[in-house]
>>> print(open('upload.cif').read())   # mmCIF, C-alpha atoms
data_protein
#
loop_
_atom_site.label_atom_id
_atom_site.label_comp_id
_atom_site.auth_asym_id
_atom_site.auth_seq_id
_atom_site.Cartn_x
_atom_site.Cartn_y
_atom_site.Cartn_z
CA MET U 10 0.00 0.00 0.00
CA ARG U 11 2.94 2.40 0.60
CA GLU U 12 3.81 2.44 -3.08
CA PHE U 13 0.25 3.32 -4.04
CA PHE U 14 -0.60 5.93 -1.45
CA GLY U 15 2.91 7.16 -0.79
CA PHE U 16 2.54 9.03 2.48
CA GLY U 17 5.01 7.12 4.61
CA GLY U 18 5.78 9.46 7.52
CA TYR U 19 6.16 6.80 10.18
CA MET U 20 4.09 7.14 13.33
CA ARG U 21 3.67 4.21 15.63
CA PRO U 22 0.02 3.10 16.03
CA ALA U 23 0.77 2.31 19.68
CA ASP U 24 1.20 6.06 20.21
CA GLY U 25 -2.34 6.62 19.01
CA TYR U 26 -1.29 8.43 15.86
CA MET U 27 -2.46 7.59 12.38
CA SER U 28 0.28 7.18 9.78
CA TRP U 29 0.18 9.23 6.59
CA GLN U 30 -0.33 5.94 4.81
CA HIS U 31 -3.43 5.13 6.85
CA LEU U 32 -4.67 8.72 6.67
CA THR U 33 -4.51 8.64 2.88
CA PHE U 34 -6.38 5.34 2.80
CA VAL U 35 -9.09 6.70 5.08
CA THR U 36 -9.31 9.88 3.01
CA SER U 37 -9.69 7.82 -0.13
CA LEU U 38 -12.54 5.92 1.43
CA MET U 39 -14.17 9.16 2.59
CA VAL U 40 -14.39 10.43 -0.95
CA VAL U 41 -15.86 7.08 -1.99
CA MET U 42 -12.87 5.93 -3.94
CA VAL U 43 -13.09 8.93 -6.24
CA LEU U 44 -9.42 9.74 -5.73
CA CYS U 45 -7.02 8.12 -8.15
CA ALA U 46 -3.33 8.36 -7.32
CA ILE U 47 -0.67 8.72 -9.94
CA ILE U 48 2.72 7.38 -8.95
CA PHE U 49 5.62 9.22 -10.46
CA SER U 50 9.20 8.16 -10.67
CA LYS U 51 12.09 10.32 -11.67
CA LYS U 52 13.46 9.07 -14.99
CA ASN U 53 15.54 12.05 -16.09
CA ARG U 54 17.63 14.74 -14.44
CA LEU U 55 15.90 18.04 -13.77
CA LYS U 56 15.44 20.22 -16.80
CA THR U 57 17.32 23.05 -15.15
CA GLU U 58 17.68 25.17 -18.27
CA LYS U 59 13.98 25.09 -19.13
CA GLU U 60 12.70 25.42 -15.57
CA LYS U 61 14.34 28.21 -13.64
CA THR U 62 13.13 29.49 -10.33
CA ARG U 63 12.36 33.18 -10.36
CA GLU U 64 15.11 35.24 -8.87
CA ASN U 65 14.32 35.76 -5.23
CA SER U 66 16.13 35.57 -1.95
CA ALA U 67 14.26 32.46 -0.81
CA THR U 68 16.09 29.26 0.03
CA ALA U 69 14.93 25.86 1.16
CA ARG U 70 16.12 25.04 4.66
CA GLU U 71 15.66 21.97 6.78
CA GLU U 72 13.36 22.59 9.73
CA THR U 73 15.03 20.81 12.62
CA GLU U 74 13.31 22.62 15.49
CA ARG U 75 9.65 21.96 14.91
CA SER U 76 8.17 24.31 17.47
CA GLU U 77 4.45 24.57 18.12
CA GLU U 78 4.42 28.00 16.42
CA THR U 79 6.18 26.64 13.31
CA ILE U 80 3.79 23.69 13.10
CA GLU U 81 0.76 26.00 13.44
CA ARG U 82 2.06 28.22 10.63
CA LEU U 83 2.69 25.22 8.37
CA VAL U 84 -0.75 23.74 9.09
CA ALA U 85 -2.34 27.08 8.12
CA LEU U 86 -0.23 27.11 4.93
CA TRP U 87 -1.27 23.50 4.21
CA GLU U 88 -4.95 24.41 4.61
CA ARG U 89 -4.73 27.42 2.26
CA SER U 90 -2.87 25.32 -0.29
CA VAL U 91 -5.30 22.39 -0.13
CA CYS U 92 -8.37 24.64 -0.32
CA ALA U 93 -6.96 26.21 -3.50
CA SER U 94 -5.69 23.06 -5.20
CA HIS U 95 -7.74 20.12 -3.90
CA THR U 96 -11.18 21.32 -4.95
CA PHE U 97 -12.37 17.70 -5.09
CA LEU U 98 -12.33 17.60 -1.26
CA SER U 99 -15.26 19.00 0.71
CA ASP U 100 -14.68 21.53 3.49
CA ALA U 101 -15.56 18.85 6.04
CA GLU U 102 -12.98 16.45 4.56
CA VAL U 103 -10.29 19.14 4.62
CA GLN U 104 -11.06 19.85 8.28
CA ARG U 105 -10.94 16.15 9.17
CA ILE U 106 -7.58 15.68 7.45
CA LYS U 107 -6.23 18.90 8.99
CA GLY U 108 -6.38 17.25 12.42
CA PHE U 109 -3.64 14.82 11.33
CA ILE U 110 -1.29 17.35 9.76
CA PRO U 111 0.56 18.51 12.92
CA ASP U 112 1.66 14.96 13.73
CA ALA U 113 2.69 14.37 10.13
CA LEU U 114 4.79 17.53 10.10
CA GLN U 115 6.49 16.46 13.33
CA ASN U 116 7.26 13.01 11.92
CA PHE U 117 8.59 13.63 8.41
CA PRO U 118 12.22 12.45 8.51
CA THR U 119 13.12 15.60 6.54
CA LEU U 120 10.99 18.74 6.57
CA LEU U 121 12.06 21.57 4.24
CA VAL U 122 10.60 25.05 4.54
CA VAL U 123 10.84 28.07 2.24
CA GLU U 124 10.22 31.52 3.70
CA ASN U 125 9.69 34.81 1.89
CA ALA U 126 11.77 37.94 2.52
CA GLU U 127 9.62 38.73 5.59
CA GLY U 128 10.37 35.34 7.15
CA VAL U 129 6.86 33.96 6.55
CA PRO U 130 6.69 30.31 5.40
CA THR U 131 5.54 30.14 1.78
CA ALA U 132 6.03 26.43 1.05
CA PHE U 133 7.14 23.17 2.63
CA ALA U 134 8.08 19.65 1.63
CA GLY U 135 8.17 16.42 3.62
CA VAL U 136 10.70 13.81 2.48
CA ASP U 137 11.28 10.23 3.54
CA GLY U 138 14.45 8.80 2.00
CA ARG U 139 14.22 9.18 -1.77
CA ARG U 140 10.48 9.80 -1.73
CA LEU U 141 8.76 13.18 -1.70
CA GLU U 142 5.81 12.63 0.63
CA ALA U 143 4.32 16.13 0.57
CA LEU U 144 4.88 19.46 -1.19
CA PHE U 145 2.57 22.38 -0.49
CA VAL U 146 2.81 26.02 -1.59
CA ASP U 147 0.72 28.75 0.02
CA ALA U 148 -2.19 29.63 -2.27
CA ASP U 149 -1.15 33.30 -2.34
CA GLU U 150 2.42 32.38 -3.29
CA ARG U 151 1.75 30.02 -6.19
CA GLY U 152 3.56 30.77 -9.44
CA LYS U 153 6.48 32.52 -7.72
CA GLY U 154 8.95 29.63 -7.97
CA PHE U 155 8.77 28.34 -4.38
CA GLY U 156 7.54 24.88 -5.41
CA THR U 157 10.24 24.72 -8.06
CA LEU U 158 12.85 25.71 -5.50
CA LEU U 159 11.70 22.96 -3.14
CA LEU U 160 11.50 20.27 -5.80
CA ARG U 161 14.96 21.14 -7.14
CA HIS U 162 16.40 20.95 -3.66
CA CYS U 163 14.70 17.62 -3.01
CA VAL U 164 15.98 16.09 -6.24
CA GLU U 165 19.46 17.59 -6.38
CA GLU U 166 20.36 17.59 -2.69
CA LEU U 167 18.31 14.71 -1.25
CA GLY U 168 18.15 12.36 -4.26
CA VAL U 169 14.35 12.30 -4.41
CA ASP U 170 13.14 10.27 -7.38
CA GLU U 171 9.56 9.33 -6.49
CA THR U 172 6.35 11.04 -5.41
CA THR U 173 2.58 10.67 -5.60
CA SER U 174 -0.05 13.04 -6.98
CA ASN U 175 -3.83 13.01 -7.30
CA GLU U 176 -5.32 12.87 -10.79
CA GLN U 177 -7.88 15.42 -9.58
CA ASN U 178 -5.02 17.92 -9.17
CA PRO U 179 -3.85 18.30 -12.78
CA ALA U 180 -1.66 21.31 -11.99
CA ALA U 181 0.45 19.15 -9.65
CA THR U 182 0.64 16.39 -12.26
CA ARG U 183 1.90 18.86 -14.89
CA PHE U 184 4.34 20.35 -12.37
CA TYR U 185 6.05 17.00 -11.70
CA GLU U 186 6.05 16.06 -15.39
CA ARG U 187 7.85 19.33 -16.26
CA PHE U 188 10.70 18.15 -14.06
CA GLY U 189 11.07 14.82 -15.82
CA PHE U 190 8.91 12.71 -13.52
CA GLU U 191 6.94 10.12 -15.44
CA VAL U 192 3.78 8.27 -14.54
CA GLU U 193 4.79 4.85 -13.25
CA ARG U 194 1.31 3.55 -12.45
CA ARG U 195 -2.21 4.66 -11.62
#
>>> encode(input="upload.cif", output="structure tokens")
Amino acid sequence: MREFFGFGGYMRPADGYMSWQHLTFVTSLMVVMVLCAIIFSKKNRLKTEKEKTRENSATAREETERSEETIERLVALWERSVCASHTFLSDAEVQRIKGFIPDALQNFPTLLVVENAEGVPTAFAGVDGRRLEALFVDADERGKGFGTLLLRHCVEELGVDETTSNEQNPAATRFYERFGFEVERR
């Protein structure tokens, strides 16, 4: 199931937390199996000449101290991003899933954050080994190169070569394909 759903932030069930894997499965059931995942694998190097991040002072940094304030800011960013890009989810489904996001953010083996010039988080990515588990860009910051910056960092610095996307989010599918990711299976 990990290969299909692809949200492997490990949380022990004995602790009472739901894993990203289980959360995705439950979410899929909630939307009555309407969600179809597309598994991507990285077949080529990044097309760095064709895809350039806009010039800005932002950099991707690893978030090692995951304070309550940081987690709250990233959950709010996640919610704005999901409401703008995951229109196939109802408001009630978004709110249900939101309850699991703080634990997921705490448990990603690698959590990268991009902040704007004012120090406000604009995007984040959760990585587990060579797999990109989550990448979210604030709805107000889309199209400014923050997602590109994160994905480049994940691929070039962390060796990421696999991720998952929803078919109902065609913008995300196109985004990964622009960087040489190819559909492995549906």
>>> closest_residue(input="upload.cif", among="U:Glu102, U:Glu81, U:Leu114, U:His95", to="U:Ser174", atoms="all atoms listed in the file")
U:His95
>>> residues_around(input="upload.cif", residues="stretch 125-127 of chain U", least_positions_apart="2", cutoff="10 Å", atoms="only C-alpha atoms", output="NGL selection string")
:U and (65-68 or 123 or 129-132 or 150 or 155)
>>> resolve_selection(input="upload.cif", expression="the PyMOL selection byres ((chain U and resi 140-149) around 7)", output="count of residues only")
25
>>> closest_residue(input="upload.cif", among="U:Leu120, U:Leu167, U:Ala181, U:Leu159", to="U:Thr79", atoms="only C-alpha atoms")
U:Leu120
>>> atom_distance(input="upload.cif", atom1="atom CA of U:Gln115", atom2="atom CA of U:Ser76")
9.0 Å
>>> atom_distance(input="upload.cif", atom1="atom CA of U:Lys153", atom2="atom CA of U:Ser99")
27.0 Å
>>> atom_distance(input="upload.cif", atom1="atom CA of U:Phe190", atom2="atom CA of U:Val164")
10.7 Å
>>> closest_residue(input="upload.cif", among="U:Glu186, U:Asp112, U:Glu72, U:Glu193", to="U:Glu124", atoms="only C-alpha atoms")
U:Glu72
>>> residues_near_point(input="upload.cif", point="(1.0, 11.8, -12.0)", cutoff="9 Å", atoms="all atoms listed in the file", output="ChimeraX atom specification")
/U:46-49,172-176,179,181-183,185-186,190-195
>>> resolve_selection(input="upload.cif", expression="the PyMOL selection byres ((chain U and resi 71) around 8)", output="PyMOL selection string")
chain U and resi 69-70+72-73+119-122
>>> axis_aligned_box(input="upload.cif", around="stretch 115-133 of chain U", padding_each_side="4 Å", output="lines of an AutoDock Vina configuration file")
center_x = 9.3
center_y = 25.6
center_z = 7.2
size_x = 15.6
size_y = 34.3
size_z = 20.3
>>> closest_residue(input="upload.cif", among="U:Ala85, U:Gln177, U:Arg187, U:Arg75", to="U:Thr157", atoms="all atoms listed in the file")
U:Arg187
>>> closest_residue(input="upload.cif", among="U:Gly152, U:Pro111, U:Gly168, U:Gly128", to="U:Glu77", atoms="all atoms listed in the file")
U:Pro111
